[in-house]
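Trainee: Below is a structure I'd like to ask you about.
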Amino acid sequence: MPEMNLNQITNKLNGLFAGDSRKLVFWYDTNAEFVDEIDTLGLANASVLRLEPDNQFYVKYYLECEDTAGNYLVYAPFAKPGIRDNHLWDTIKYSTEFFADRASLLRVDLGIPENLKPVIQKHIKFFGNKERAEKFYKCEITHYTRSGIEVALMSVLCKLKAPSFDEVARAVLCDDTDGENKYLAEFAKYELVESFWTHCEQNFAYVADAPSVKKLILTLFVTYAAKSIRADLPKEWNPLISAKSGNIVVFLENMMNNVLYQERFDALSDSVAQELQVQKVLYALPIENIVDCDCFACLDDMLIDWMAERLADENTVAKLNGKSIGEIAAERTYTHFGAKQSDTYQMLILADKLLALAGYRCEGDCAAIMKQYQSADFQIDTNYRKFYLYLDRLPAPERFEALRQLVENTYTNKYLNVQSAAWNDALTDYDLFKANCQHRFYSRFVSAGGRSKTVVIISDALRYEVAAELADRLRGNENCAEVTRKAMIGVLPSITKLGMPSLLPHKNLEVSDELNVTVDGLPCDDTRQREAILKKDDPTSRCFQFDAIRNLSHDATYNLFKGTGVYYIYHNQVDTRGDKPNTENEVFVACEEAIQEIYDFIIKLARNKIATHYIITADHGFLYKRDKLQESDKISLKEGVLSLGKRYALAGRASEIEGVRNFPFGHFIGAYKDKRVVSTPLGSDIFKSPGGGSNYVHGGSSPQELLVPVVEATTRTGRLKKEIQAAPIALVSLLNKVTNLIAAVEFIQSEPVSDTVKPATYHASFVDAEGNAISNEGLIAADKADSDSTKRIFRVKFRFKDMSYDRAAKYYLTVYAADDDITPVIKREIRIDMAFSADFGF
């Protein structure tokens, strides 16, 4: 800290006079602080020559004519005169000036121009504290201006790492203490309050006779809203609309996108909404006029209500400003408040897709329907599952009850019943059974692969569409070299007691009327018995329960799998939750957990090079509907049933009841002489039977129950041959010069999302040469899987700060990956040439 006592002054002066050459030092002591001590200085190599306002000519004559060799300290107990009144000005130019007042010392030490000394003097109290002064020094300002000094002073008081008025303003707005704003109180101590409001005027065009933080906040939010609402706002709001909307948009968007300020931004937005009755005002406007605004939470509630009402009215073609419901919902998930309602928007997107099932068709033979299900229809079941997954997460799902009922009815009547009728009519191709039946699983997929180590994970009730999502997850992991998925026709009845034995090596399955099964005469009810059956084919084979081994250490896991045989691992997440009446509505949550558990386990083994070949399958699938079945949906069977479940009946002869299909039991287990018959209800109906729930069921012949997945994954053994990369983006626009405060820039996602390209998020903004933001930040979600490149183009709108731009200076468009804010993926130099600063667009 540059501050001196008398001894320090003497030492400093003696240092200036050291050496053999002649030296003249001028000291203008503005406040005559040292006039009484000047003659007591112990100068070792110079004399003191007093300068008075009326002896300037004499001193000049003396120094340049009478004594041209001596060293002199020319001391003046008054302020340095201007050039017109200072006859020693030219002498001073080849001499040295000395300062002992704090402001002058600071000015010289920091390299601040002399004309800015009054700024330092005004705020000299700030430098009375060593810690504050050191922080000001650390700002390392290279070009001093009055504005820059004031911003640096305020930045230090706000405890910022670097001087920035935007950050100062955010700090002031983020102070939520009761009573006086603590930062304004600090500014007041050092005469900076007026400076703060001056900068608010310069940056935000905020002017008020009695400025306040509350009025500033209102101005910021109303101005922001006015730029994105396509309608006249209440006349009472007009005085709050600033002329520098560009700066305000940039300021607030950077605030809402910064994790440090988001919570406070929400609080400020809520306070403004209450103060100005924003919800009441906006509800009076046409919905299409507010769809682009995102600074108030109530806007998303309004849009969500509008979308839900249109969907509930089966108006799936409704649009706002040319955008469909699905497009609007997808875009809103990337806005500040919309992201907080992401589950709601995702639910609406899925509802929109499911309501399109009104035109669903299912035709052809068994092979065609099976192919259609594996390529497209399974996604309908996934959409239904995800719809309820998101709906159940909402704090008040009953808000969407009308929409939920419509989705439920559409899924059941337009999809399940149509598909079930076609599938059951076609389910007579017994040659297809032989080629794709579940009881041939071991010979087709396990033993056919040779004697290399194979890990088979059998997840109870992991239906095909859930396994398809797991396959996609595995395909996106860098450890997986190849992932395929197929479907088998499961055993009917599609239940665990038959499905599990079918997956074991065998020649014959013996099934009693009570559906008790033996495999080549051996029992197969538990893990130990199943391992014994496996060992008959391969003595090195093992069986485990998933929960018993999932958390073992690396060494323990390695020792467990150190053989070369087949390892059967039994996983049970879906069925254990779905089969209980009190938890059956959690079955879709269980599906998510099952996917994650199996995925984590396989990747764990793959990374530790424990195995490279994995097969994921199931004993059966399941059918789920949220609505409770009415008694009219339950079918009563007459006598003669050998074994009965909610979705099947094993009998000695076919049922003649309407709405029931009959199939030869033996064809499903390879026992073609077996004359027993399996009867199943059409659609989603069930038989009247005791026990269990009625929402989650299995045992029937629907594709959801009967088509069993087979996912095969091969993991890498050495170095990665194909790298998994984030979806890359590139500039489409030929951007070299910006001439407008609003600029639209087009980016393209260069590669579609695939097994080697994962979705990525990018943040784009314009900055100056020092890296300071001069625009808002645009978000780019590169998550498109479309092969058509035109569908992977993003148009991002940037709004520049309303300020002066140097045509010769360098500015940059920068794009950073969301997980890396160090190295830009795009840095494009541009020029800014604006004829004038005003808010105009194109």
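A note on labels: chains of the structure tokens are A, B, ... as shown, every chain counts residues from 1, and ligands are counted from 1 in their shown order.
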What's the 9 Å shell around segment 784-797 of chain A, counting only C-alpha atoms, without same-chain residues fewer than 6 positions away, as a ChimeraX atom specification?
Mentor: /A:727,732,742-754,759,764,776,778
Trainee: Just to be explicit: take each residue in the selection above, keep C-alpha atoms, and write the result as an mmCIF file, in the first residue's frame.
Mentor:
data_model
loop_
_atom_site.group_PDB
_atom_site.id
_atom_site.type_symbol
_atom_site.label_atom_id
_atom_site.label_comp_id
_atom_site.auth_asym_id
_atom_site.auth_seq_id
_atom_site.Cartn_x
_atom_site.Cartn_y
_atom_site.Cartn_z
ATOM 1 C CA ALA A 727 -22.480 -35.014 -31.389
ATOM 2 C CA VAL A 732 -23.922 -22.981 -41.197
ATOM 3 C CA ILE A 742 -30.010 -8.873 -33.011
ATOM 4 C CA ALA A 743 -28.322 -11.629 -34.993
ATOM 5 C CA ALA A 744 -29.561 -15.110 -35.903
ATOM 6 C CA VAL A 745 -26.884 -17.757 -36.375
ATOM 7 C CA GLU A 746 -27.481 -21.233 -37.780
ATOM 8 C CA PHE A 747 -25.587 -24.277 -36.540
ATOM 9 C CA ILE A 748 -25.752 -27.829 -37.824
ATOM 10 C CA GLN A 749 -25.306 -31.032 -35.882
ATOM 11 C CA SER A 750 -22.748 -32.629 -38.178
ATOM 12 C CA GLU A 751 -23.496 -36.244 -37.257
ATOM 13 C CA PRO A 752 -26.762 -37.842 -36.137
ATOM 14 C CA VAL A 753 -26.899 -39.491 -32.730
ATOM 15 C CA SER A 754 -25.929 -43.155 -33.055
ATOM 16 C CA PRO A 759 -26.142 -36.333 -27.552
ATOM 17 C CA ALA A 764 -22.772 -20.185 -27.532
ATOM 18 C CA ASN A 776 -26.765 -13.404 -24.331
ATOM 19 C CA GLY A 778 -27.629 -19.445 -26.597
#
Trainee: Determine, for each residue of segment 186-303 of chain A having at least one atom at most 10 Å from an atom of segment 323-335 of chain A, the closest pair of atoms and their separation in Å to one decimal, counting only C-alpha atoms; order by chain and ascending number, as JSON lines.
Mentor:
{"residue": "A:Met256", "atom": "CA", "partner": "A:Thr335", "partner_atom": "CA", "distance": 9.5}
{"residue": "A:Asn257", "atom": "CA", "partner": "A:Thr335", "partner_atom": "CA", "distance": 9.2}
{"residue": "A:Val291", "atom": "CA", "partner": "A:Ile328", "partner_atom": "CA", "distance": 8.3}
{"residue": "A:Asp292", "atom": "CA", "partner": "A:Arg332", "partner_atom": "CA", "distance": 9.0}
{"residue": "A:Cys293", "atom": "CA", "partner": "A:Thr335", "partner_atom": "CA", "distance": 9.2}
{"residue": "A:Asp294", "atom": "CA", "partner": "A:Thr335", "partner_atom": "CA", "distance": 6.5}
{"residue": "A:Cys295", "atom": "CA", "partner": "A:Thr335", "partner_atom": "CA", "distance": 9.1}
{"residue": "A:Asp300", "atom": "CA", "partner": "A:Arg332", "partner_atom": "CA", "distance": 7.9}
{"residue": "A:Leu303", "atom": "CA", "partner": "A:Ala329", "partner_atom": "CA", "distance": 8.7}
Trainee: Record the distance separating atom CA of Leu49 of chain A and atom CA of Phe99 of chain A, expressed in Å with one decimal.
Mentor: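 Spanning atom CA of Leu49 of chain A to atom CA of Phe99 of chain A is a straight-line distance of 16.0 Å.
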Trainee: As a ChimeraX atom specification, please: the residues near segment 470-475 of chain A (cut-off 10 Å, only C-alpha atoms, same-chain neighbours under 3 positions excluded).
Mentor: /A:464-467,478-485,591-592,594-596,598-600,602-603,616,710-715,724,754-756
Trainee: Run DSSP on the backbone and give me the residues of segment 289-350 of chain A it puts in strand (DSSP E), as a list in words.
Mentor: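 Selection result, strand (DSSP E) within segment 289-350 of chain A: Lys319, Leu320, Lys323 and Ser324 of chain A.
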Trainee: Could you dump the residues just selected with N, CA and C atoms as a CSV table (one decimal), in the first residue's frame?
Mentor:
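The result, written out as again30.csv:
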chain,number,residue,atom,x,y,z
A,319,LYS,N,-51.6,-25.6,-33.3
A,319,LYS,CA,-50.3,-25.0,-33.5
A,319,LYS,C,-50.3,-23.6,-32.9
A,320,LEU,N,-49.2,-23.1,-32.5
A,320,LEU,CA,-48.9,-21.8,-32.1
A,320,LEU,C,-47.8,-21.2,-32.9
A,323,LYS,N,-46.0,-23.8,-34.9
A,323,LYS,CA,-45.3,-24.9,-34.2
A,323,LYS,C,-46.3,-25.8,-33.6
A,324,SER,N,-46.1,-27.1,-33.7
A,324,SER,CA,-47.0,-28.1,-33.1
A,324,SER,C,-46.8,-28.2,-31.6
Trainee: Within 8 Å of Ser195 of chain A, counting only C-alpha atoms, which residues show up once you throw out same-chain ones fewer than 4 positions away? Write them as a PyMOL selection string, please.
Mentor: chain A and resi 150+191+199
Trainee: To one decimal place in Å, what is the distance between atom CA of His506 of chain A and atom CA of Ile533 of chain A?
Mentor: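 About the pair atom CA of His506 of chain A and atom CA of Ile533 of chain A: they are 8.2 Å apart.
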Trainee: Segment 73-88 of chain A: which residues within 10 Å, counting only C-alpha atoms, same-chain residues fewer than 6 positions away excluded, as an NGL selection string?
Mentor: :A and (13 or 16-17 or 23-36 or 38 or 43 or 46-53 or 55-57 or 59-61 or 63 or 96-98)
Trainee: What is the atom CA of Arg550 of chain A-atom CA of Ile457 of chain A distance in Å, reported with one decimal?
Mentor: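 Between atom CA of Arg550 of chain A and atom CA of Ile457 of chain A the gap works out to 11.9 Å.
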Trainee: Name all residues at most 12 Å from Tyr384 of chain A (count only C-alpha atoms; drop same-chain ones fewer than 6 positions away) and give them as a PyMOL selection string.
Mentor: chain A and resi 346-355+357+377-378+390-391+404+407-412+415-416+465-466+588+623-626
Trainee: If DSSP is run on the backbone, what residues of segment 408-461 of chain A are helix (DSSP H, G or I)? A reply as an NGL selection string would be ideal.
Mentor: :A and (408-426 or 430-436 or 438-449)
Trainee: Near His554 of chain A, counting only C-alpha atoms, which residues have an atom at most 12 Å away, once you skip same-chain residues fewer than 6 positions from it, shown as a PyMOL selection string?
Mentor: chain A and resi 560-562+601+604-610
Trainee: Would you save the residues of that selection, restricted to N, CA, C and O atoms, as a JSON list (two decimals), in the first residue's frame?
Mentor:
[["chain", "number", "residue", "atom", "x", "y", "z"],
["A", 560, "LEU", "N", -15.14, -65.25, -9.11],
["A", 560, "LEU", "CA", -16.44, -65.86, -9.38],
["A", 560, "LEU", "C", -16.57, -66.24, -10.86],
["A", 560, "LEU", "O", -17.16, -67.27, -11.20],
["A", 561, "PHE", "N", -15.98, -65.41, -11.73],
["A", 561, "PHE", "CA", -16.13, -65.62, -13.17],
["A", 561, "PHE", "C", -14.83, -66.09, -13.84],
["A", 561, "PHE", "O", -14.65, -65.90, -15.03],
["A", 562, "LYS", "N", -13.96, -66.72, -13.09],
["A", 562, "LYS", "CA", -12.66, -67.07, -13.67],
["A", 562, "LYS", "C", -12.71, -68.29, -14.58],
["A", 562, "LYS", "O", -11.74, -68.60, -15.27],
["A", 601, "PHE", "N", -24.02, -53.29, -14.26],
["A", 601, "PHE", "CA", -23.35, -54.56, -14.00],
["A", 601, "PHE", "C", -22.52, -55.01, -15.20],
["A", 601, "PHE", "O", -21.36, -55.41, -15.06],
["A", 604, "LYS", "N", -19.50, -52.78, -15.62],
["A", 604, "LYS", "CA", -18.53, -53.10, -14.58],
["A", 604, "LYS", "C", -17.69, -54.31, -14.98],
["A", 604, "LYS", "O", -16.45, -54.29, -14.90],
["A", 605, "LEU", "N", -18.35, -55.37, -15.44],
["A", 605, "LEU", "CA", -17.61, -56.57, -15.87],
["A", 605, "LEU", "C", -16.76, -56.28, -17.10],
["A", 605, "LEU", "O", -15.62, -56.76, -17.21],
["A", 606, "ALA", "N", -17.30, -55.47, -18.02],
["A", 606, "ALA", "CA", -16.57, -55.17, -19.25],
["A", 606, "ALA", "C", -15.31, -54.37, -18.96],
["A", 606, "ALA", "O", -14.24, -54.64, -19.53],
["A", 607, "ARG", "N", -15.41, -53.37, -18.11],
["A", 607, "ARG", "CA", -14.26, -52.53, -17.80],
["A", 607, "ARG", "C", -13.16, -53.32, -17.11],
["A", 607, "ARG", "O", -11.98, -53.03, -17.27],
["A", 608, "ASN", "N", -13.57, -54.32, -16.35],
["A", 608, "ASN", "CA", -12.59, -55.15, -15.65],
["A", 608, "ASN", "C", -12.17, -56.37, -16.47],
["A", 608, "ASN", "O", -11.48, -57.25, -15.95],
["A", 609, "LYS", "N", -12.61, -56.39, -17.73],
["A", 609, "LYS", "CA", -12.22, -57.47, -18.67],
["A", 609, "LYS", "C", -12.54, -58.85, -18.11],
["A", 609, "LYS", "O", -11.80, -59.81, -18.30],
["A", 610, "ILE", "N", -13.68, -58.97, -17.42],
["A", 610, "ILE", "CA", -14.06, -60.24, -16.81],
["A", 610, "ILE", "C", -14.76, -61.13, -17.83],
["A", 610, "ILE", "O", -14.64, -62.36, -17.80]]
